file model02.txt (compact mmCIF, C-alpha atoms)
# COMPACT_ATOMS: atom_id res chain seq x y z
CA MET A 1 71.09 -59.92 -58.15
CA GLU A 2 71.79 -59.10 -54.54
CA TYR A 3 71.56 -55.75 -52.82
CA PRO A 4 74.84 -53.97 -52.01
CA ASN A 5 76.16 -54.90 -48.54
CA SER A 6 75.29 -51.61 -46.83
CA PHE A 7 71.79 -51.84 -48.26
CA GLU A 8 71.34 -55.42 -47.09
CA GLU A 9 72.69 -54.57 -43.62
CA LEU A 10 70.18 -51.75 -43.18
CA VAL A 11 67.36 -54.04 -44.34
CA GLU A 12 68.46 -56.56 -41.68
CA CYS A 13 68.42 -53.82 -39.02
CA PHE A 14 64.88 -52.75 -39.91
CA LYS A 15 63.79 -56.39 -39.78
CA MET A 16 64.69 -56.42 -36.07
CA LEU A 17 61.74 -54.07 -35.47
CA PRO A 18 58.31 -55.42 -34.58
CA GLY A 19 55.94 -56.03 -37.48
CA ILE A 20 58.58 -55.35 -40.15
CA GLY A 21 59.29 -58.12 -42.65
CA THR A 22 61.64 -58.19 -45.62
CA LYS A 23 59.31 -56.30 -47.95
CA GLY A 24 58.56 -53.61 -45.37
CA ALA A 25 62.24 -53.24 -44.47
CA GLU A 26 63.17 -52.88 -48.15
CA ARG A 27 60.49 -50.22 -48.56
CA MET A 28 61.98 -48.27 -45.67
CA VAL A 29 65.52 -48.52 -46.99
CA TYR A 30 64.37 -47.30 -50.43
CA HIS A 31 62.73 -44.40 -48.66
CA ILE A 32 65.95 -43.65 -46.78
CA LEU A 33 67.81 -43.75 -50.11
CA ALA A 34 65.80 -40.68 -51.12
CA MET A 35 66.31 -38.88 -47.81
CA ASP A 36 68.73 -35.98 -47.27
CA ASP A 37 72.10 -36.77 -45.72
CA ASP A 38 71.10 -34.51 -42.81
CA GLN A 39 68.00 -36.57 -42.10
CA ILE A 40 69.91 -39.85 -42.16
CA GLN A 41 72.53 -38.33 -39.87
CA ARG A 42 69.74 -37.16 -37.54
CA PHE A 43 68.18 -40.63 -37.45
CA SER A 44 71.51 -42.28 -36.69
CA GLN A 45 72.27 -39.72 -33.98
CA ALA A 46 68.79 -40.15 -32.46
CA LEU A 47 69.50 -43.86 -32.00
CA ILE A 48 72.84 -43.15 -30.33
CA ASP A 49 71.35 -40.43 -28.11
CA PHE A 50 68.45 -42.67 -27.19
CA LYS A 51 70.86 -45.42 -26.21
CA SER A 52 73.05 -43.14 -24.10
CA ASN A 53 70.45 -40.77 -22.63
CA ILE A 54 67.49 -42.96 -21.74
CA GLN A 55 67.95 -44.57 -18.35
CA TYR A 56 65.67 -46.19 -15.84
CA CYS A 57 64.69 -44.10 -12.80
CA GLN A 58 66.67 -45.43 -9.85
CA ARG A 59 63.61 -45.17 -7.65
CA CYS A 60 60.65 -46.41 -9.70
CA GLY A 61 62.18 -47.91 -12.84
CA HIS A 62 60.35 -45.62 -15.29
CA ILE A 63 62.33 -44.27 -18.24
CA CYS A 64 63.99 -40.89 -17.80
CA GLU A 65 67.02 -38.88 -18.82
CA GLY A 66 68.50 -38.37 -15.37
CA GLU A 67 68.80 -40.40 -12.17
CA LEU A 68 65.17 -39.89 -11.24
CA CYS A 69 62.12 -39.58 -13.49
CA GLU A 70 59.98 -36.46 -13.52
CA ILE A 71 57.19 -38.21 -11.61
CA CYS A 72 59.50 -39.15 -8.74
CA LEU A 73 60.93 -35.61 -8.75
CA ASP A 74 57.48 -33.99 -8.62
CA GLN A 75 56.82 -33.20 -4.97
CA GLN A 76 53.27 -32.08 -5.80
CA ARG A 77 52.25 -35.68 -6.41
CA ASP A 78 50.67 -37.86 -3.77
CA GLN A 79 53.67 -39.56 -2.12
CA THR A 80 51.50 -42.09 -0.27
CA THR A 81 50.25 -44.13 -3.22
CA ILE A 82 52.26 -46.32 -5.58
CA CYS A 83 50.81 -47.81 -8.76
CA VAL A 84 52.72 -50.91 -9.86
CA VAL A 85 52.81 -51.50 -13.62
CA GLU A 86 54.59 -53.88 -15.98
CA SER A 87 56.33 -51.44 -18.31
CA PRO A 88 57.05 -47.75 -18.97
CA LYS A 89 54.34 -47.63 -21.62
CA ASP A 90 51.77 -48.45 -18.95
CA VAL A 91 52.92 -45.36 -17.04
CA PHE A 92 52.30 -43.20 -20.12
CA ALA A 93 48.88 -44.85 -20.58
CA MET A 94 47.92 -44.10 -16.95
CA GLU A 95 49.27 -40.55 -17.18
CA LYS A 96 47.07 -39.85 -20.20
CA LEU A 97 44.07 -40.14 -17.84
CA LYS A 98 45.24 -37.10 -15.85
CA GLU A 99 43.36 -38.71 -12.97
CA TYR A 100 45.95 -40.59 -10.95
CA ARG A 101 48.27 -38.30 -8.99
CA GLY A 102 50.36 -40.82 -7.06
CA LEU A 103 53.70 -42.44 -7.82
CA TYR A 104 54.55 -45.46 -9.95
CA HIS A 105 56.72 -48.51 -9.84
CA VAL A 106 57.70 -50.29 -13.05
CA LEU A 107 58.34 -54.05 -12.75
CA HIS A 108 59.85 -54.46 -16.24
CA GLY A 109 58.01 -57.66 -16.95
CA THR A 110 55.94 -60.28 -15.19
CA MET A 111 56.56 -63.63 -13.64
CA SER A 112 56.35 -66.22 -16.39
CA ILE A 113 56.76 -69.97 -16.21
CA MET A 114 57.13 -70.11 -19.99
CA ASP A 115 60.06 -67.69 -20.00
CA GLY A 116 61.43 -68.97 -16.69
CA LYS A 117 61.06 -65.53 -15.08
CA THR A 118 60.53 -65.52 -11.33
CA ILE A 119 59.68 -62.66 -8.99
CA ASP A 120 63.41 -62.09 -8.51
CA ASP A 121 63.83 -61.22 -12.19
CA LEU A 122 61.53 -58.25 -11.74
CA ASN A 123 62.34 -54.77 -10.47
CA ILE A 124 60.80 -55.63 -7.10
CA GLN A 125 63.53 -55.16 -4.49
CA THR A 126 63.49 -51.40 -5.09
CA LEU A 127 59.72 -51.45 -4.54
CA PHE A 128 60.07 -52.98 -1.07
CA ASP A 129 62.89 -50.53 -0.33
CA ARG A 130 60.39 -47.72 -0.94
CA LEU A 131 57.66 -49.10 1.30
CA ASP A 132 57.47 -47.48 4.70
CA GLU A 133 54.71 -46.30 7.04
CA ASN A 134 54.00 -43.31 4.72
CA ILE A 135 52.68 -45.56 1.95
CA LYS A 136 48.91 -45.80 2.30
CA GLU A 137 48.13 -47.89 -0.77
CA VAL A 138 49.81 -49.95 -3.48
CA ILE A 139 47.65 -50.27 -6.59
CA ILE A 140 48.64 -53.34 -8.58
CA ALA A 141 48.01 -52.49 -12.24
CA THR A 142 49.69 -55.36 -14.07
CA ASN A 143 47.84 -56.49 -17.19
CA PRO A 144 44.85 -58.83 -16.74
CA THR A 145 46.70 -61.66 -18.49
CA ARG A 146 47.73 -64.98 -16.96
CA GLU A 147 51.25 -63.67 -16.23
CA GLY A 148 50.00 -60.31 -15.01
CA GLU A 149 47.45 -61.91 -12.66
CA THR A 150 50.03 -64.34 -11.27
CA THR A 151 52.42 -61.50 -10.58
CA ALA A 152 49.64 -59.44 -8.99
CA LEU A 153 48.62 -62.28 -6.64
CA PHE A 154 52.21 -62.99 -5.68
CA LEU A 155 52.92 -59.33 -5.06
CA ALA A 156 49.73 -58.96 -3.01
CA LYS A 157 50.87 -61.78 -0.72
CA LEU A 158 54.29 -60.17 -0.22
CA LEU A 159 52.64 -56.84 0.55
CA ALA A 160 50.17 -58.46 2.98
CA LYS A 161 53.10 -59.89 4.93
CA GLN A 162 54.34 -56.36 5.48
CA ASN A 163 50.84 -55.05 6.25
CA ILE A 164 50.85 -52.72 3.24
CA PRO A 165 47.31 -52.11 1.92
CA ALA A 166 47.18 -53.32 -1.69
CA SER A 167 44.47 -53.07 -4.35
CA ARG A 168 43.97 -54.45 -7.85
CA ILE A 169 42.53 -52.53 -10.81
CA ALA A 170 39.04 -53.73 -11.77
CA ASN A 171 38.19 -56.22 -14.50
CA GLY A 172 34.95 -56.07 -16.42
CA LEU A 173 33.40 -55.08 -19.69
CA PRO A 174 35.18 -52.23 -21.46
CA ILE A 175 33.06 -49.10 -22.02
CA GLY A 176 31.34 -49.37 -25.39
CA GLY A 177 31.69 -53.15 -25.11
CA ASN A 178 29.01 -55.70 -25.75
CA LEU A 179 27.84 -58.53 -23.46
CA ASP A 180 27.25 -60.65 -26.51
CA TYR A 181 30.84 -60.40 -27.68
CA ALA A 182 32.57 -60.47 -24.29
CA ASP A 183 34.54 -63.60 -23.43
CA GLU A 184 33.22 -65.65 -20.51
CA LEU A 185 35.99 -64.73 -18.10
CA THR A 186 35.53 -61.00 -18.67
CA LEU A 187 31.78 -61.36 -18.17
CA LEU A 188 32.33 -63.42 -15.00
CA LYS A 189 34.72 -60.79 -13.61
CA SER A 190 32.23 -58.10 -14.55
CA LEU A 191 29.51 -59.93 -12.58
CA GLU A 192 31.74 -60.62 -9.58
CA GLY A 193 32.87 -57.01 -9.45
CA ARG A 194 29.34 -55.57 -9.57
CA LYS A 195 28.67 -52.47 -7.53
CA LYS A 196 25.60 -51.42 -5.57
CA LEU A 197 23.71 -48.56 -7.23
CA MET B 198 53.11 -36.50 -19.34
CA GLU B 199 55.51 -36.18 -22.23
CA TYR B 200 58.14 -38.64 -23.37
CA PRO B 201 61.78 -37.80 -22.55
CA ASN B 202 63.42 -35.75 -25.33
CA SER B 203 65.61 -38.55 -26.72
CA PHE B 204 62.55 -40.81 -26.81
CA GLU B 205 60.45 -38.21 -28.60
CA GLU B 206 63.23 -37.48 -31.09
CA LEU B 207 63.53 -41.15 -32.05
CA VAL B 208 59.74 -41.36 -32.43
CA GLU B 209 59.90 -38.37 -34.80
CA CYS B 210 62.65 -40.08 -36.81
CA PHE B 211 60.64 -43.26 -37.23
CA LYS B 212 57.66 -41.18 -38.30
CA MET B 213 59.69 -40.03 -41.33
CA LEU B 214 59.46 -43.59 -42.68
CA PRO B 215 56.64 -44.63 -45.04
CA GLY B 216 53.54 -46.09 -43.40
CA ILE B 217 54.69 -45.32 -39.86
CA GLY B 218 52.43 -43.15 -37.73
CA THR B 219 52.80 -42.05 -34.11
CA LYS B 220 51.53 -45.31 -32.61
CA GLY B 221 53.73 -47.42 -34.86
CA ALA B 222 56.79 -45.27 -34.17
CA GLU B 223 56.21 -45.48 -30.41
CA ARG B 224 55.92 -49.25 -30.69
CA MET B 225 59.28 -49.38 -32.45
CA VAL B 226 60.97 -47.13 -29.91
CA TYR B 227 59.63 -49.27 -27.03
CA HIS B 228 61.08 -52.26 -28.86
CA ILE B 229 64.44 -50.52 -29.20
CA LEU B 230 64.30 -49.75 -25.47
CA ALA B 231 64.50 -53.49 -24.86
CA MET B 232 67.29 -54.04 -27.40
CA ASP B 233 70.95 -54.62 -26.52
CA ASP B 234 73.31 -51.68 -26.74
CA ASP B 235 75.20 -53.57 -29.44
CA GLN B 236 72.13 -53.89 -31.60
CA ILE B 237 71.28 -50.19 -31.31
CA GLN B 238 74.90 -49.34 -32.13
CA ARG B 239 74.70 -51.65 -35.15
CA PHE B 240 71.49 -50.01 -36.36
CA SER B 241 72.96 -46.52 -36.02
CA GLN B 242 76.14 -47.58 -37.79
CA ALA B 243 74.15 -49.23 -40.58
CA LEU B 244 72.45 -45.91 -41.29
CA ILE B 245 75.78 -44.07 -41.38
CA ASP B 246 77.38 -46.74 -43.58
CA PHE B 247 74.37 -46.74 -45.88
CA LYS B 248 74.64 -42.97 -46.23
CA SER B 249 78.36 -43.00 -46.95
CA ASN B 250 78.70 -46.22 -48.98
CA ILE B 251 75.68 -46.30 -51.26
CA GLN B 252 76.27 -44.28 -54.37
CA TYR B 253 74.69 -44.08 -57.79
CA CYS B 254 76.52 -45.82 -60.62
CA GLN B 255 78.15 -43.11 -62.73
CA ARG B 256 77.13 -44.89 -65.89
CA CYS B 257 73.56 -46.13 -65.34
CA GLY B 258 72.40 -44.51 -62.08
CA HIS B 259 71.70 -47.78 -60.29
CA ILE B 260 72.75 -48.04 -56.64
CA CYS B 261 76.17 -49.48 -55.91
CA GLU B 262 79.07 -49.24 -53.50
CA GLY B 263 81.71 -48.16 -56.01
CA GLU B 264 81.89 -45.94 -59.09
CA LEU B 265 80.14 -48.47 -61.28
CA CYS B 266 77.41 -50.99 -60.39
CA GLU B 267 77.96 -54.72 -60.79
CA ILE B 268 75.71 -54.84 -63.84
CA CYS B 269 77.76 -52.22 -65.68
CA LEU B 270 80.95 -54.01 -64.63
CA ASP B 271 79.71 -57.39 -65.87
CA GLN B 272 81.20 -57.83 -69.35
CA GLN B 273 79.21 -61.04 -69.82
CA ARG B 274 76.01 -59.05 -70.14
CA ASP B 275 74.58 -57.96 -73.47
CA GLN B 276 76.14 -54.53 -74.04
CA THR B 277 73.80 -53.67 -76.91
CA THR B 278 70.52 -53.38 -75.01
CA ILE B 279 69.56 -50.81 -72.36
CA CYS B 280 66.44 -51.11 -70.24
CA VAL B 281 65.31 -47.71 -68.93
CA VAL B 282 63.54 -47.81 -65.55
CA GLU B 283 62.32 -45.26 -63.03
CA SER B 284 64.15 -46.38 -59.90
CA PRO B 285 66.73 -48.83 -58.52
CA LYS B 286 63.96 -51.07 -57.14
CA ASP B 287 62.74 -51.63 -60.69
CA VAL B 288 66.22 -52.95 -61.58
CA PHE B 289 65.98 -55.47 -58.72
CA ALA B 290 62.46 -56.44 -59.86
CA MET B 291 63.70 -57.05 -63.43
CA GLU B 292 66.77 -58.93 -62.21
CA LYS B 293 64.57 -61.33 -60.23
CA LEU B 294 63.30 -62.63 -63.58
CA LYS B 295 66.78 -63.87 -64.52
CA GLU B 296 65.61 -63.37 -68.10
CA TYR B 297 66.91 -60.00 -69.18
CA ARG B 298 70.69 -59.97 -69.75
CA GLY B 299 71.24 -56.43 -71.02
CA LEU B 300 72.14 -53.21 -69.23
CA TYR B 301 69.97 -50.72 -67.37
CA HIS B 302 69.53 -47.01 -67.04
CA VAL B 303 67.80 -45.56 -63.98
CA LEU B 304 65.97 -42.25 -64.53
CA HIS B 305 65.38 -41.54 -60.82
CA GLY B 306 61.84 -40.40 -61.31
CA THR B 307 59.46 -39.43 -64.09
CA MET B 308 58.35 -36.24 -65.71
CA SER B 309 55.51 -34.84 -63.63
CA ILE B 310 53.46 -31.70 -64.14
CA MET B 311 52.17 -31.93 -60.56
CA ASP B 312 55.67 -31.96 -59.09
CA GLY B 313 57.04 -29.58 -61.71
CA LYS B 314 59.58 -32.16 -62.89
CA THR B 315 60.69 -31.92 -66.50
CA ILE B 316 62.83 -34.27 -68.56
CA ASP B 317 65.90 -32.26 -67.45
CA ASP B 318 65.30 -33.25 -63.83
CA LEU B 319 65.81 -36.89 -64.74
CA ASN B 320 69.06 -38.82 -65.13
CA ILE B 321 68.77 -38.61 -68.89
CA GLN B 322 71.90 -36.83 -70.13
CA THR B 323 74.04 -39.80 -69.09
CA LEU B 324 71.69 -42.06 -71.07
CA PHE B 325 72.29 -40.13 -74.28
CA ASP B 326 76.03 -40.09 -73.55
CA ARG B 327 75.89 -43.91 -73.59
CA LEU B 328 74.07 -44.21 -76.88
CA ASP B 329 76.28 -45.04 -79.84
CA GLU B 330 76.10 -47.29 -82.86
CA ASN B 331 76.61 -50.36 -80.63
CA ILE B 332 73.22 -49.94 -78.96
CA LYS B 333 70.68 -52.09 -80.76
CA GLU B 334 67.65 -51.46 -78.58
CA VAL B 335 66.42 -49.27 -75.75
CA ILE B 336 63.57 -50.89 -73.80
CA ILE B 337 61.53 -48.24 -72.02
CA ALA B 338 60.24 -49.86 -68.84
CA THR B 339 58.83 -46.92 -66.89
CA ASN B 340 55.66 -47.72 -64.94
CA PRO B 341 52.35 -47.75 -66.84
CA THR B 342 51.11 -44.70 -64.91
CA ARG B 343 50.29 -41.29 -66.33
CA GLU B 344 53.75 -39.95 -65.44
CA GLY B 345 55.52 -43.11 -66.59
CA GLU B 346 53.70 -43.14 -69.94
CA THR B 347 54.41 -39.43 -70.52
CA THR B 348 58.09 -39.98 -69.82
CA ALA B 349 58.15 -43.04 -72.08
CA LEU B 350 56.56 -41.16 -74.99
CA PHE B 351 58.89 -38.20 -74.55
CA LEU B 352 61.91 -40.45 -74.34
CA ALA B 353 60.81 -42.41 -77.41
CA LYS B 354 60.66 -39.17 -79.42
CA LEU B 355 64.15 -38.16 -78.33
CA LEU B 356 65.47 -41.62 -79.23
CA ALA B 357 63.72 -41.55 -82.62
CA LYS B 358 65.52 -38.30 -83.44
CA GLN B 359 68.81 -40.12 -82.97
CA ASN B 360 67.59 -43.19 -84.86
CA ILE B 361 67.93 -45.43 -81.83
CA PRO B 362 65.46 -48.36 -81.91
CA ALA B 363 63.19 -48.09 -78.87
CA SER B 364 60.51 -50.41 -77.48
CA ARG B 365 57.97 -50.22 -74.67
CA ILE B 366 57.09 -53.06 -72.28
CA ALA B 367 53.62 -54.49 -72.93
CA ASN B 368 50.42 -53.56 -71.15
CA GLY B 369 47.61 -56.02 -70.62
CA LEU B 370 45.93 -58.28 -68.13
CA PRO B 371 48.26 -59.60 -65.43
CA ILE B 372 48.63 -63.39 -65.33
CA GLY B 373 46.01 -64.80 -62.99
CA GLY B 374 43.92 -61.67 -63.60
CA ASN B 375 40.26 -61.51 -64.40
CA LEU B 376 38.58 -59.74 -67.32
CA ASP B 377 35.66 -58.95 -65.09
CA TYR B 378 37.78 -57.08 -62.57
CA ALA B 379 40.20 -55.39 -64.98
CA ASP B 380 39.84 -51.64 -65.43
CA GLU B 381 38.78 -50.45 -68.88
CA LEU B 382 42.15 -49.04 -69.85
CA THR B 383 43.98 -52.26 -69.03
CA LEU B 384 41.43 -54.26 -70.99
CA LEU B 385 41.70 -51.86 -73.92
CA LYS B 386 45.51 -52.14 -73.89
CA SER B 387 45.17 -55.89 -73.68
CA LEU B 388 42.96 -55.91 -76.78
CA GLU B 389 45.16 -53.50 -78.70
CA GLY B 390 48.26 -55.51 -77.92
CA ARG B 391 46.75 -58.85 -78.98
CA LYS B 392 49.05 -61.32 -80.70
CA LYS B 393 48.41 -63.72 -83.54
CA LEU B 394 48.33 -67.33 -82.38
call {"tool": "encode", "arguments": {"input": "model02.txt", "output": "C-alpha cells"}}
result
Amino acid sequence: MEYPNSFEELVECFKMLPGIGTKGAERMVYHILAMDDDQIQRFSQALIDFKSNIQYCQRCGHICEGELCEICLDQQRDQTTICVVESPKDVFAMEKLKEYRGLYHVLHGTMSIMDGKTIDDLNIQTLFDRLDENIKEVIIATNPTREGETTALFLAKLLAKQNIPASRIANGLPIGGNLDYADELTLLKSLEGRKKL
Amino acid sequence: MEYPNSFEELVECFKMLPGIGTKGAERMVYHILAMDDDQIQRFSQALIDFKSNIQYCQRCGHICEGELCEICLDQQRDQTTICVVESPKDVFAMEKLKEYRGLYHVLHGTMSIMDGKTIDDLNIQTLFDRLDENIKEVIIATNPTREGETTALFLAKLLAKQNIPASRIANGLPIGGNLDYADELTLLKSLEGRKKL
C-alpha cells in the first residue's frame, strides 16, 4: 500500500535535508500529522519568509535581512581588519568567541578542482573592491582542508600583489587534544608553528 | 551575534520535529540556504497541501485524501474482519506484509492514565457503529505496551458484551531473537503462547 500523494510529497521534501533518509522523513511526516494546523501553517510560512527575507550582505556576503548585515552596519567595529571565511556559519562560529571585533568577508565556497570551481566562482571581486589603504590586515580563515588551503594560498598571492598584509589562522593540536591521536599533518603543523615561551 | 529573525524562526520550526535539536535544526537551515527558490517553494507548498489534503477516513480513521481511504473503498478486501491498530503507521506496517486482506480501524492513540486519556478519547464510537452481524472477527493489534495492552483488554470486554469474536496478536520472541537477551515478560508470553507441534 502506498502513502497518499500529499504524504509522499512531504516525505520527499524532508529527504532533501541533510542526514534524513526515508525512515527519518516518514517519522517527521507522522509527527506533522499530529501537529496543529497553526503549527503547520507557521512552518510553511517560515520557509517562505526565509526564502524571501534572507539575503546576502552586498558588502561582505554574510546573511542578513536588509542590504547590509549588522556587522557591516556596526560602526563600533574595527574597520581596518577583514576576516575572510568560507560560509556564513563560520561568521557565527567566530562571533561566538566575542574576541574578534573586525569585519568579515564570506567567500561562499572554496576553489575546488573536483567541483570545477575557480577563484572567479567565489565572492571575491567584492572583497577587492573593499580593499583600500585603510585595511591593515586580512585574516584568511578558510578551513584547513585541501580546498580551503588552496584558496587561502591563492588569495594570499592576490593580496600580496596589492601590498595588503594578509595572515592565516594557525594550525596545530586542538585544546584537549592528544599527541598520540593527532594525525601527522596536524602534528607537523603544530611543530612548525611553535612559539617561543 | 544572533541569527536574523527569519533564520531563527525556521530553526525553531525544525526544532518542533522529533529528534531535531538546535544543532541539527541549524544544519538543516544552512542546507536550505543553499537550496533553489523552487525547492523551498515546493517544500512550503508540500506542507500546506499535506495540511489541507490529508484527512482521516470517516469509516476507519486511516489517513487518506478523500472521505474514505483506499482500503475501505476496496471491495475486493475481506469485509468481515477488522484489525484494530493504534495509528496510521501501524496500518502501513501491516500492509507491508501483503498477508492480511481485511479492513482496519485506527484508534488514534491508547488509553493512558499518565496522559489522562480514556476510552472515550479514542476513535472507538465509529468502530462500534461498523460492527454488525457481518463482522466475523476483530483482531486487536495495539502495541504490546502497558497502554496498548490496557486498551486491548478494555476493547475485548466491550466486544464480548456485543458477542463480537475478538482476538489479540501474539506475543513472543521476535524471529532472529535470542532467549538469553529476551526480557522476562517476553519470554513468559512466549512460553504461555506455545503451540503444539
call {"tool": "atom_distance", "arguments": {"input": "model02.txt", "atom1": "CA of Pro341 (chain B)", "atom2": "CA of Leu33 (chain A)"}}
result
23.1 Å
call {"tool": "atom_distance", "arguments": {"input": "model02.txt", "atom1": "CA of Ile260 (chain B)", "atom2": "CA of Pro285 (chain B)"}}
result
6.4 Å
call {"tool": "atom_distance", "arguments": {"input": "model02.txt", "atom1": "CA of Lys386 (chain B)", "atom2": "CA of Glu344 (chain B)"}}
result
17.0 Å
call {"tool": "residues_around", "arguments": {"input": "model02.txt", "residues": "region 297-306 of chain B", "least_positions_apart": "5", "cutoff": "8 Å", "atoms": "all atoms listed in the file", "output": "MDAnalysis selection string"}}
result
chainID B and resid 256:259 268:269 274:285 288 291:292 319:321 324
call {"tool": "closest_residue", "arguments": {"input": "model02.txt", "among": "B:Ile237, B:Ala338, B:Ile332, B:Ile217", "to": "chain A", "atoms": "all atoms listed in the file"}}
result
B:Ile237
call {"tool": "residues_around", "arguments": {"input": "model02.txt", "residues": "Gln55 (chain A)", "least_positions_apart": "6", "cutoff": "7 Å", "atoms": "only C-alpha atoms", "output": "PyMOL selection string"}}
result
chain A and resi 63-66
call {"tool": "residues_near_point", "arguments": {"input": "model02.txt", "point": "(58.3, -52.6, -68.0)", "cutoff": "7 Å", "atoms": "all atoms listed in the file", "output": "PDB file with C-alpha atoms, in the frame of the given file"}}
result
ATOM      1  CA  ILE B 337      61.530 -48.240 -72.020  1.00  0.00           C
ATOM      2  CA  ALA B 338      60.240 -49.860 -68.840  1.00  0.00           C
ATOM      3  CA  THR B 339      58.830 -46.920 -66.890  1.00  0.00           C
ATOM      4  CA  ASN B 340      55.660 -47.720 -64.940  1.00  0.00           C
ATOM      5  CA  ILE B 366      57.090 -53.060 -72.280  1.00  0.00           C
TER       6      ILE B 366
END
call {"tool": "residues_around", "arguments": {"input": "model02.txt", "residues": "Ser52 (chain A)", "least_positions_apart": "3", "cutoff": "10 Å", "atoms": "all atoms listed in the file", "output": "PyMOL selection string"}}
result
(chain A and resi 46-49+55+65) or (chain B and resi 203+234)
call {"tool": "residues_around", "arguments": {"input": "model02.txt", "residues": "Arg27 (chain A)", "least_positions_apart": "2", "cutoff": "12 Å", "atoms": "all atoms listed in the file", "output": "PyMOL selection string"}}
result
(chain A and resi 7+10-11+14-15+20-25+29-34) or (chain B and resi 214-217+285-286)
call {"tool": "residues_around", "arguments": {"input": "model02.txt", "residues": "Leu187 (chain A)", "least_positions_apart": "6", "cutoff": "12 Å", "atoms": "all atoms listed in the file", "output": "PyMOL selection string"}}
result
chain A and resi 171-174+177-181+193-194
call {"tool": "closest_residue", "arguments": {"input": "model02.txt", "among": "B:Lys295, B:Arg343, B:Lys393, B:Arg327", "to": "chain A", "atoms": "all atoms listed in the file"}}
result
B:Lys295
call {"tool": "decode", "arguments": {"input": "model02.txt", "residues": "region 43-56 of chain A", "atoms": "N, CA and C atoms", "output": "PDB file, in the first residue's frame"}}
result
ATOM      1  N   PHE A  43       5.157  26.716  10.028  1.00  0.00           N
ATOM      2  CA  PHE A  43       6.323  26.085   9.408  1.00  0.00           C
ATOM      3  C   PHE A  43       6.401  26.469   7.934  1.00  0.00           C
ATOM      4  N   SER A  44       5.280  26.340   7.249  1.00  0.00           N
ATOM      5  CA  SER A  44       5.238  26.655   5.823  1.00  0.00           C
ATOM      6  C   SER A  44       5.586  28.129   5.587  1.00  0.00           C
ATOM      7  N   GLN A  45       5.028  28.988   6.443  1.00  0.00           N
ATOM      8  CA  GLN A  45       5.275  30.428   6.311  1.00  0.00           C
ATOM      9  C   GLN A  45       6.740  30.756   6.606  1.00  0.00           C
ATOM     10  N   ALA A  46       7.320  30.041   7.580  1.00  0.00           N
ATOM     11  CA  ALA A  46       8.723  30.279   7.942  1.00  0.00           C
ATOM     12  C   ALA A  46       9.643  29.998   6.754  1.00  0.00           C
ATOM     13  N   LEU A  47       9.297  28.958   5.982  1.00  0.00           N
ATOM     14  CA  LEU A  47      10.090  28.624   4.793  1.00  0.00           C
ATOM     15  C   LEU A  47       9.994  29.733   3.751  1.00  0.00           C
ATOM     16  N   ILE A  48       8.767  30.212   3.543  1.00  0.00           N
ATOM     17  CA  ILE A  48       8.540  31.285   2.566  1.00  0.00           C
ATOM     18  C   ILE A  48       9.257  32.564   3.000  1.00  0.00           C
ATOM     19  N   ASP A  49       9.109  32.899   4.294  1.00  0.00           N
ATOM     20  CA  ASP A  49       9.739  34.118   4.812  1.00  0.00           C
ATOM     21  C   ASP A  49      11.251  34.018   4.724  1.00  0.00           C
ATOM     22  N   PHE A  50      11.762  32.836   5.048  1.00  0.00           N
ATOM     23  CA  PHE A  50      13.205  32.608   4.987  1.00  0.00           C
ATOM     24  C   PHE A  50      13.710  32.873   3.575  1.00  0.00           C
ATOM     25  N   LYS A  51      12.964  32.298   2.621  1.00  0.00           N
ATOM     26  CA  LYS A  51      13.330  32.423   1.208  1.00  0.00           C
ATOM     27  C   LYS A  51      13.293  33.884   0.752  1.00  0.00           C
ATOM     28  N   SER A  52      12.288  34.630   1.208  1.00  0.00           N
ATOM     29  CA  SER A  52      12.157  36.000   0.702  1.00  0.00           C
ATOM     30  C   SER A  52      12.939  37.015   1.524  1.00  0.00           C
ATOM     31  N   ASN A  53      13.148  36.739   2.824  1.00  0.00           N
ATOM     32  CA  ASN A  53      13.806  37.749   3.669  1.00  0.00           C
ATOM     33  C   ASN A  53      15.326  37.642   3.738  1.00  0.00           C
ATOM     34  N   ILE A  54      15.821  36.391   3.732  1.00  0.00           N
ATOM     35  CA  ILE A  54      17.268  36.232   3.925  1.00  0.00           C
ATOM     36  C   ILE A  54      18.007  36.571   2.629  1.00  0.00           C
ATOM     37  N   GLN A  55      18.869  37.551   2.728  1.00  0.00           N
ATOM     38  CA  GLN A  55      19.684  37.940   1.577  1.00  0.00           C
ATOM     39  C   GLN A  55      21.149  37.877   1.981  1.00  0.00           C
ATOM     40  N   TYR A  56      22.004  38.087   1.003  1.00  0.00           N
ATOM     41  CA  TYR A  56      23.427  38.179   1.311  1.00  0.00           C
ATOM     42  C   TYR A  56      23.808  39.647   1.359  1.00  0.00           C
TER      43      TYR A  56
END
